[in-house]
Protein chains: 2
Amino acid sequence: MPDVQGGENLLFLTDEQLRQGIEAMFFAYRGFTADPDRILATMDYGRAHHRALHFIARSPGTTVNNLLGILGVTKQSLNRVLRTLIENGLVESRIGATDKRERNLFLTEDGVALERKISDAQRARMRAAYRAAGPEAVAGFRQVLEAMMEPELRKMYYRIRENGA
Amino acid sequence: MPDVQGGENLLFLTDEQLRQGIEAMFFAYRGFTADPDRILATMDYGRAHHRALHFIARSPGTTVNNLLGILGVTKQSLNRVLRTLIENGLVESRIGATDKRERNLFLTEDGVALERKISDAQRARMRAAYRAAGPEAVAGFRQVLEAMMEPELRKMYYRIRENGA
DNA sequence: CTTGGAATGTCAACAAAGCTGACATAATGT
DNA sequence: ACATTATGTCAGCTTTGTTGACATTCCAAG
């Protein structure tokens, strides 16, 4: 990158270009959530349930507190969602082994099944977008998204990624 | 499934890679809305008001129906938001010239001021992310986002972009 | 000119999912 | 022993979405 603040770079840093990026994020996010929303709408669940399922699936045994940090909601709000998931037998809450105040969260068989169904749909869209845009575009996509995150959330993102399969 | 499109492509189409993309979208969107949310929280407005202001600013004179299509909410929901914006003197609703059933929406001076304040903050974050990632990454970012949109919304995105300054 | 349909607005009721504040319980750690 | 932490829960509120019903206004077709 030859010219950090110089003439050429200004081309994609005009307000108009930035505005297009903002609108692209807005419309793309609608697509991003469209398939999960469609599936969830047929059940008694919403986006909040999906998010909980996703991150429990991703880090089995995670604690409530940990999940609060990831999702950025209050414990009351998360608790309402977790309670229904536990009541409906999609999530299991086990008392912590080392610290008995904590609850370790796991998906049950049914929970795994639903999470898979939803994330299959979401991954299918992502896969199609990645294929259409090509590998280099994907790398750029990831770079910009990471740069856009709040620093604290970026750390979480990296941490979760390292846990990952 | 050894070789769908040729070896290299499989690397970023694994479920794990797709999952990381999904999580990147989730965390990045939080960053994307963080600054506007902070500004709006100090007033009586929320994200819905911001979205209305943004697209009215973008396409002055747009109709209610047009806005409904862009935002993807019900007219009742949008109407509640528009009513407060009109009452507070941020938006002006003029009866259509050719079709008097329609309302053409415009920002007032105050509306322009608030929209600018919010979008300045949002553009600043976008600008920082673009700078950090570099021009090639930005191109890829945009390509993947466009590929991720629902076809109908992609058309709107293009249409709005062409109106743009 | 009348009438059907479209665009808009409004009222009422409701749901999802966020929030704050307050309080209880149990376990940890100093 | 005591303060702190992790969690759960109750009550009440806000924002933003939803349906359904109904009025108004106006264009356009018969």
# chains A, B, ... in the order shown; residues from 1 in each chain; ligands from 1
>>> select_by_dssp(residues="chain A", states="strand (DSSP E)", output="JSON, numbers by chain")
{"A": [62, 63, 91, 92, 93, 94, 95, 103, 104, 105, 106, 107]}
>>> write_last_selection(atoms="C-alpha atoms", output="short mmCIF file (atom, residue, chain, number, x, y, z; two decimals), in the first residue's frame")
data_model
loop_
_atom_site.label_atom_id
_atom_site.label_comp_id
_atom_site.auth_asym_id
_atom_site.auth_seq_id
_atom_site.Cartn_x
_atom_site.Cartn_y
_atom_site.Cartn_z
CA THR A 62 -19.40 -22.16 28.50
CA THR A 63 -20.73 -20.30 31.55
CA VAL A 91 -29.96 -26.81 26.53
CA GLU A 92 -28.61 -28.49 29.63
CA SER A 93 -27.28 -26.44 32.54
CA ARG A 94 -24.81 -28.27 34.78
CA ILE A 95 -23.45 -26.92 38.04
CA ARG A 103 -23.45 -23.14 35.35
CA ASN A 104 -21.89 -24.91 32.41
CA LEU A 105 -24.15 -24.89 29.37
CA PHE A 106 -24.44 -27.67 26.82
CA LEU A 107 -26.74 -28.46 23.94
#
>>> calpha_fit_and_write(fixed="chain B", moving="chain A", output="CSV table (one decimal) with C-alpha atoms, in the first residue's frame")
chain,number,residue,atom,x,y,z
A,1,MET,CA,-10.4,-19.3,-9.4
A,2,PRO,CA,-9.1,-22.7,-10.5
A,3,ASP,CA,-11.1,-25.3,-8.7
A,4,VAL,CA,-14.6,-24.5,-7.8
A,5,GLN,CA,-15.5,-27.5,-5.7
A,6,GLY,CA,-12.0,-29.0,-5.6
A,7,GLY,CA,-9.8,-29.6,-2.6
A,8,GLU,CA,-8.4,-26.2,-2.0
A,9,ASN,CA,-11.7,-24.5,-1.8
A,10,LEU,CA,-12.9,-26.8,0.9
A,11,LEU,CA,-10.5,-25.2,3.3
A,12,PHE,CA,-12.6,-22.1,3.7
A,13,LEU,CA,-15.9,-23.9,3.4
A,14,THR,CA,-15.5,-26.1,6.4
A,15,ASP,CA,-18.2,-25.7,9.0
A,16,GLU,CA,-15.6,-24.2,11.3
A,17,GLN,CA,-14.6,-21.5,8.8
A,18,LEU,CA,-18.3,-20.7,8.1
A,19,ARG,CA,-19.0,-20.5,11.8
A,20,GLN,CA,-16.2,-18.0,12.2
A,21,GLY,CA,-17.6,-15.9,9.4
A,22,ILE,CA,-21.0,-16.0,11.2
A,23,GLU,CA,-19.5,-14.8,14.5
A,24,ALA,CA,-17.5,-12.2,12.7
A,25,MET,CA,-20.7,-10.8,11.2
A,26,PHE,CA,-22.3,-10.8,14.7
A,27,PHE,CA,-19.5,-9.0,16.5
A,28,ALA,CA,-18.8,-6.6,13.6
A,29,TYR,CA,-22.5,-5.6,13.4
A,30,ARG,CA,-22.3,-4.6,17.1
A,31,GLY,CA,-19.4,-2.3,16.3
A,32,PHE,CA,-21.2,-1.0,13.2
A,33,THR,CA,-24.2,0.2,15.3
A,34,ALA,CA,-22.2,1.1,18.5
A,35,ASP,CA,-21.5,4.8,17.6
A,36,PRO,CA,-24.9,5.7,16.3
A,37,ASP,CA,-26.5,4.0,19.3
A,38,ARG,CA,-24.4,6.0,21.7
A,39,ILE,CA,-25.5,9.2,20.0
A,40,LEU,CA,-29.1,8.2,19.8
A,41,ALA,CA,-29.2,7.1,23.4
A,42,THR,CA,-28.7,10.7,24.5
A,43,MET,CA,-31.9,11.7,22.7
A,44,ASP,CA,-35.3,10.3,22.4
A,45,TYR,CA,-34.5,8.3,19.4
A,46,GLY,CA,-33.5,4.7,18.6
A,47,ARG,CA,-32.1,2.7,15.7
A,48,ALA,CA,-35.4,2.8,13.9
A,49,HIS,CA,-35.2,6.6,13.7
A,50,HIS,CA,-31.7,6.4,12.4
A,51,ARG,CA,-32.6,4.1,9.6
A,52,ALA,CA,-35.4,6.3,8.5
A,53,LEU,CA,-33.2,9.4,8.6
A,54,HIS,CA,-30.5,7.6,6.7
A,55,PHE,CA,-32.6,6.5,3.8
A,56,ILE,CA,-34.5,9.8,3.6
A,57,ALA,CA,-31.2,11.6,3.5
A,58,ARG,CA,-30.1,9.2,0.8
A,59,SER,CA,-33.1,9.5,-1.4
A,60,PRO,CA,-34.8,12.8,-0.6
A,61,GLY,CA,-38.4,12.9,-1.7
A,62,THR,CA,-38.8,9.1,-1.3
A,63,THR,CA,-42.3,7.9,-0.5
A,64,VAL,CA,-43.5,6.0,2.5
A,65,ASN,CA,-44.2,2.9,0.5
A,66,ASN,CA,-40.7,3.0,-0.9
A,67,LEU,CA,-39.2,3.3,2.6
A,68,LEU,CA,-41.3,0.4,3.8
A,69,GLY,CA,-39.8,-1.8,1.1
A,70,ILE,CA,-36.3,-0.7,2.0
A,71,LEU,CA,-36.6,-1.1,5.8
A,72,GLY,CA,-38.8,-4.2,5.8
A,73,VAL,CA,-41.2,-3.2,8.5
A,74,THR,CA,-44.9,-2.6,8.7
A,75,LYS,CA,-46.4,0.7,7.9
A,76,GLN,CA,-47.7,1.0,11.4
A,77,SER,CA,-44.2,0.6,12.8
A,78,LEU,CA,-42.7,3.0,10.3
A,79,ASN,CA,-45.5,5.4,10.8
A,80,ARG,CA,-44.8,5.7,14.5
A,81,VAL,CA,-41.2,6.5,13.9
A,82,LEU,CA,-42.0,9.0,11.1
A,83,ARG,CA,-44.7,10.7,13.2
A,84,THR,CA,-42.2,11.6,15.9
A,85,LEU,CA,-39.6,12.7,13.4
A,86,ILE,CA,-42.2,15.0,11.7
A,87,GLU,CA,-43.5,16.3,15.1
A,88,ASN,CA,-40.0,17.1,16.2
A,89,GLY,CA,-39.3,18.9,12.9
A,90,LEU,CA,-36.6,16.6,11.6
A,91,VAL,CA,-38.6,15.3,8.6
A,92,GLU,CA,-41.0,17.1,6.3
A,93,SER,CA,-43.8,15.2,4.6
A,94,ARG,CA,-45.1,16.8,1.4
A,95,ILE,CA,-48.2,15.6,-0.5
A,96,GLY,CA,-47.1,14.1,-3.8
A,97,ALA,CA,-47.1,16.3,-6.9
A,98,THR,CA,-48.3,13.7,-9.5
A,99,ASP,CA,-50.0,11.3,-7.1
A,100,LYS,CA,-51.6,13.2,-4.3
A,101,ARG,CA,-52.0,10.0,-2.2
A,102,GLU,CA,-48.3,9.7,-1.8
A,103,ARG,CA,-46.2,11.6,0.7
A,104,ASN,CA,-42.7,12.7,-0.3
A,105,LEU,CA,-40.3,12.7,2.6
A,106,PHE,CA,-37.5,15.2,3.1
A,107,LEU,CA,-35.1,16.1,5.9
A,108,THR,CA,-35.4,19.6,7.4
A,109,GLU,CA,-32.3,21.5,8.3
A,110,ASP,CA,-32.4,20.0,11.8
A,111,GLY,CA,-32.9,16.5,10.3
A,112,VAL,CA,-29.9,17.0,8.0
A,113,ALA,CA,-27.9,18.1,11.0
A,114,LEU,CA,-28.7,15.0,13.1
A,115,GLU,CA,-28.3,12.6,10.2
A,116,ARG,CA,-24.9,14.1,9.5
A,117,LYS,CA,-23.9,13.8,13.1
A,118,ILE,CA,-24.8,10.2,13.3
A,119,SER,CA,-23.5,9.2,9.9
A,120,ASP,CA,-20.2,11.0,10.5
A,121,ALA,CA,-19.6,8.8,13.5
A,122,GLN,CA,-20.6,5.7,11.5
A,123,ARG,CA,-18.5,6.6,8.6
A,124,ALA,CA,-15.5,7.3,10.8
A,125,ARG,CA,-15.6,3.7,12.0
A,126,MET,CA,-16.0,2.4,8.5
A,127,ARG,CA,-13.2,4.5,7.3
A,128,ALA,CA,-10.9,3.3,10.0
A,129,ALA,CA,-11.8,-0.3,9.2
A,130,TYR,CA,-11.2,0.2,5.5
A,131,ARG,CA,-7.9,1.8,6.2
A,132,ALA,CA,-6.8,-1.0,8.5
A,133,ALA,CA,-7.8,-3.7,6.0
A,134,GLY,CA,-6.7,-2.1,2.8
A,135,PRO,CA,-8.3,-1.6,-0.6
A,136,GLU,CA,-8.3,-5.2,-1.7
A,137,ALA,CA,-9.9,-6.4,1.5
A,138,VAL,CA,-12.6,-3.8,1.0
A,139,ALA,CA,-13.4,-5.1,-2.5
A,140,GLY,CA,-13.8,-8.6,-1.1
A,141,PHE,CA,-15.8,-7.3,1.9
A,142,ARG,CA,-18.3,-5.7,-0.5
A,143,GLN,CA,-18.5,-8.8,-2.7
A,144,VAL,CA,-19.3,-11.1,0.1
A,145,LEU,CA,-21.9,-8.7,1.6
A,146,GLU,CA,-23.6,-8.4,-1.8
A,147,ALA,CA,-23.7,-12.1,-2.2
A,148,MET,CA,-25.2,-12.5,1.2
A,149,MET,CA,-28.2,-10.2,0.5
A,150,GLU,CA,-31.7,-11.5,-0.3
A,151,PRO,CA,-32.1,-11.0,-4.1
A,152,GLU,CA,-34.9,-8.5,-3.6
A,153,LEU,CA,-32.8,-6.4,-1.2
A,154,ARG,CA,-29.8,-6.6,-3.5
A,155,LYS,CA,-31.8,-5.0,-6.2
A,156,MET,CA,-32.7,-2.2,-3.9
A,157,TYR,CA,-29.2,-1.8,-2.8
A,158,TYR,CA,-28.1,-1.3,-6.4
A,159,ARG,CA,-30.9,1.1,-7.1
A,160,ILE,CA,-30.1,3.2,-4.1
A,161,ARG,CA,-26.5,3.2,-5.0
A,162,GLU,CA,-27.2,4.5,-8.5
A,163,ASN,CA,-29.3,7.4,-7.1
A,164,GLY,CA,-26.3,8.2,-4.9
A,165,ALA,CA,-24.2,11.3,-5.2
>>> closest_atom_pairs(of="chain D", to="chain A", cutoff="10 Å", atoms="only C-alpha atoms (C1' of nucleotides)", output="CSV")
residue,atom,partner,partner_atom,distance
D:DT5,C1',A:Arg101,CA,8.5
D:DA6,C1',A:Arg101,CA,5.5
D:DT7,C1',A:Arg101,CA,6.8
D:DG8,C1',A:Asn79,CA,7.8
D:DT9,C1',A:Gln76,CA,8.4
>>> write_last_selection(atoms="C-alpha atoms (C1' of nucleotides)", output="mmCIF file, in the first residue's frame")
data_model
loop_
_atom_site.group_PDB
_atom_site.id
_atom_site.type_symbol
_atom_site.label_atom_id
_atom_site.label_comp_id
_atom_site.auth_asym_id
_atom_site.auth_seq_id
_atom_site.Cartn_x
_atom_site.Cartn_y
_atom_site.Cartn_z
ATOM 1 C "C1'" DT D 5 -19.029 -13.142 42.747
ATOM 2 C "C1'" DA D 6 -22.190 -15.951 39.833
ATOM 3 C "C1'" DT D 7 -26.525 -16.922 39.084
ATOM 4 C "C1'" DG D 8 -31.545 -16.722 39.208
ATOM 5 C "C1'" DT D 9 -35.861 -14.349 39.616
#
>>> residues_around(residues="DC2 in chain D", least_positions_apart="2", cutoff="12 Å", atoms="only C-alpha atoms (C1' of nucleotides)", output="ChimeraX atom specification")
/C:28-30 /D:4
>>> interface_residues(of="chain C", to="chain B", cutoff="10 Å", atoms="only C-alpha atoms (C1' of nucleotides)", output="compact mmCIF listing (two decimals) with N, CA and C atoms (P, O5', C5', C4', C3', O3' and C1' of nucleotides), in the first residue's frame")
# COMPACT_ATOMS: atom_id res chain seq x y z
P DA C 6 -55.30 -2.87 -5.77
O5' DA C 6 -54.46 -1.55 -5.49
C5' DA C 6 -54.32 -0.57 -6.52
C4' DA C 6 -53.74 0.70 -5.92
C3' DA C 6 -52.67 0.46 -4.86
O3' DA C 6 -51.62 1.39 -5.09
C1' DA C 6 -54.42 1.75 -3.95
P DA C 7 -50.28 1.28 -4.32
O5' DA C 7 -50.43 2.52 -3.33
C5' DA C 7 -50.54 3.83 -3.85
C4' DA C 7 -50.61 4.81 -2.71
C3' DA C 7 -49.62 4.52 -1.58
O3' DA C 7 -48.95 5.73 -1.28
C1' DA C 7 -51.82 4.67 -0.73
P DT C 8 -47.86 5.77 -0.16
O5' DT C 8 -48.73 6.18 1.11
C5' DT C 8 -49.42 7.43 1.09
C4' DT C 8 -50.33 7.54 2.27
C3' DT C 8 -49.66 7.37 3.63
O3' DT C 8 -49.47 8.65 4.20
C1' DT C 8 -51.85 6.42 3.53
P DG C 9 -48.82 8.79 5.63
O5' DG C 9 -50.06 8.63 6.62
C5' DG C 9 -51.14 9.55 6.52
C4' DG C 9 -52.18 9.20 7.56
C3' DG C 9 -51.62 8.97 8.97
O3' DG C 9 -52.37 9.74 9.89
C1' DG C 9 -53.01 7.18 8.34
P DT C 10 -51.82 9.99 11.35
O5' DT C 10 -52.95 9.28 12.25
C5' DT C 10 -54.23 9.03 11.70
C4' DT C 10 -54.96 8.01 12.56
C3' DT C 10 -54.32 7.71 13.91
O3' DT C 10 -55.35 7.71 14.89
C1' DT C 10 -54.71 5.71 12.77
>>> select_by_dssp(residues="range 84-150 of chain B", states="helix (DSSP H, G or I)", output="PyMOL selection string")
chain B and resi 84-87+109-133+135-148
>>> residues_around(residues="DA12 in chain C", least_positions_apart="4", cutoff="12 Å", atoms="only C-alpha atoms (C1' of nucleotides)", output="number ranges by chain")
B: 76; D: 19-22
>>> write_last_selection(atoms="N, CA and C atoms (P, O5', C5', C4', C3', O3' and C1' of nucleotides)", output="short mmCIF file (atom, residue, chain, number, x, y, z; two decimals), in the first residue's frame")
data_model
loop_
_atom_site.label_atom_id
_atom_site.label_comp_id
_atom_site.auth_asym_id
_atom_site.auth_seq_id
_atom_site.Cartn_x
_atom_site.Cartn_y
_atom_site.Cartn_z
N GLN B 76 -47.32 0.36 9.86
CA GLN B 76 -47.66 0.82 11.20
C GLN B 76 -46.41 1.12 12.02
P DT D 19 -47.56 -9.34 10.18
"O5'" DT D 19 -48.82 -10.02 10.88
"C5'" DT D 19 -49.36 -9.38 11.95
"C4'" DT D 19 -50.66 -9.99 12.40
"C3'" DT D 19 -51.82 -9.90 11.40
"O3'" DT D 19 -52.78 -10.90 11.65
"C1'" DT D 19 -52.04 -8.23 13.09
P DG D 20 -53.97 -11.08 10.62
"O5'" DG D 20 -55.03 -10.02 11.17
"C5'" DG D 20 -55.41 -10.05 12.53
"C4'" DG D 20 -56.46 -8.99 12.81
"C3'" DG D 20 -57.40 -8.71 11.63
"O3'" DG D 20 -58.73 -8.64 12.13
"C1'" DG D 20 -56.43 -6.70 12.37
P DA D 21 -59.95 -8.47 11.14
"O5'" DA D 21 -60.37 -6.96 11.41
"C5'" DA D 21 -60.46 -6.48 12.76
"C4'" DA D 21 -60.80 -5.01 12.75
"C3'" DA D 21 -61.75 -4.59 11.62
"O3'" DA D 21 -62.78 -3.78 12.18
"C1'" DA D 21 -59.82 -3.24 11.60
P DC D 22 -64.04 -3.40 11.30
"O5'" DC D 22 -63.72 -1.88 10.93
"C5'" DC D 22 -63.33 -0.99 11.98
"C4'" DC D 22 -62.81 0.29 11.37
"C3'" DC D 22 -63.61 0.76 10.15
"O3'" DC D 22 -64.02 2.10 10.37
"C1'" DC D 22 -61.30 0.85 9.75
#
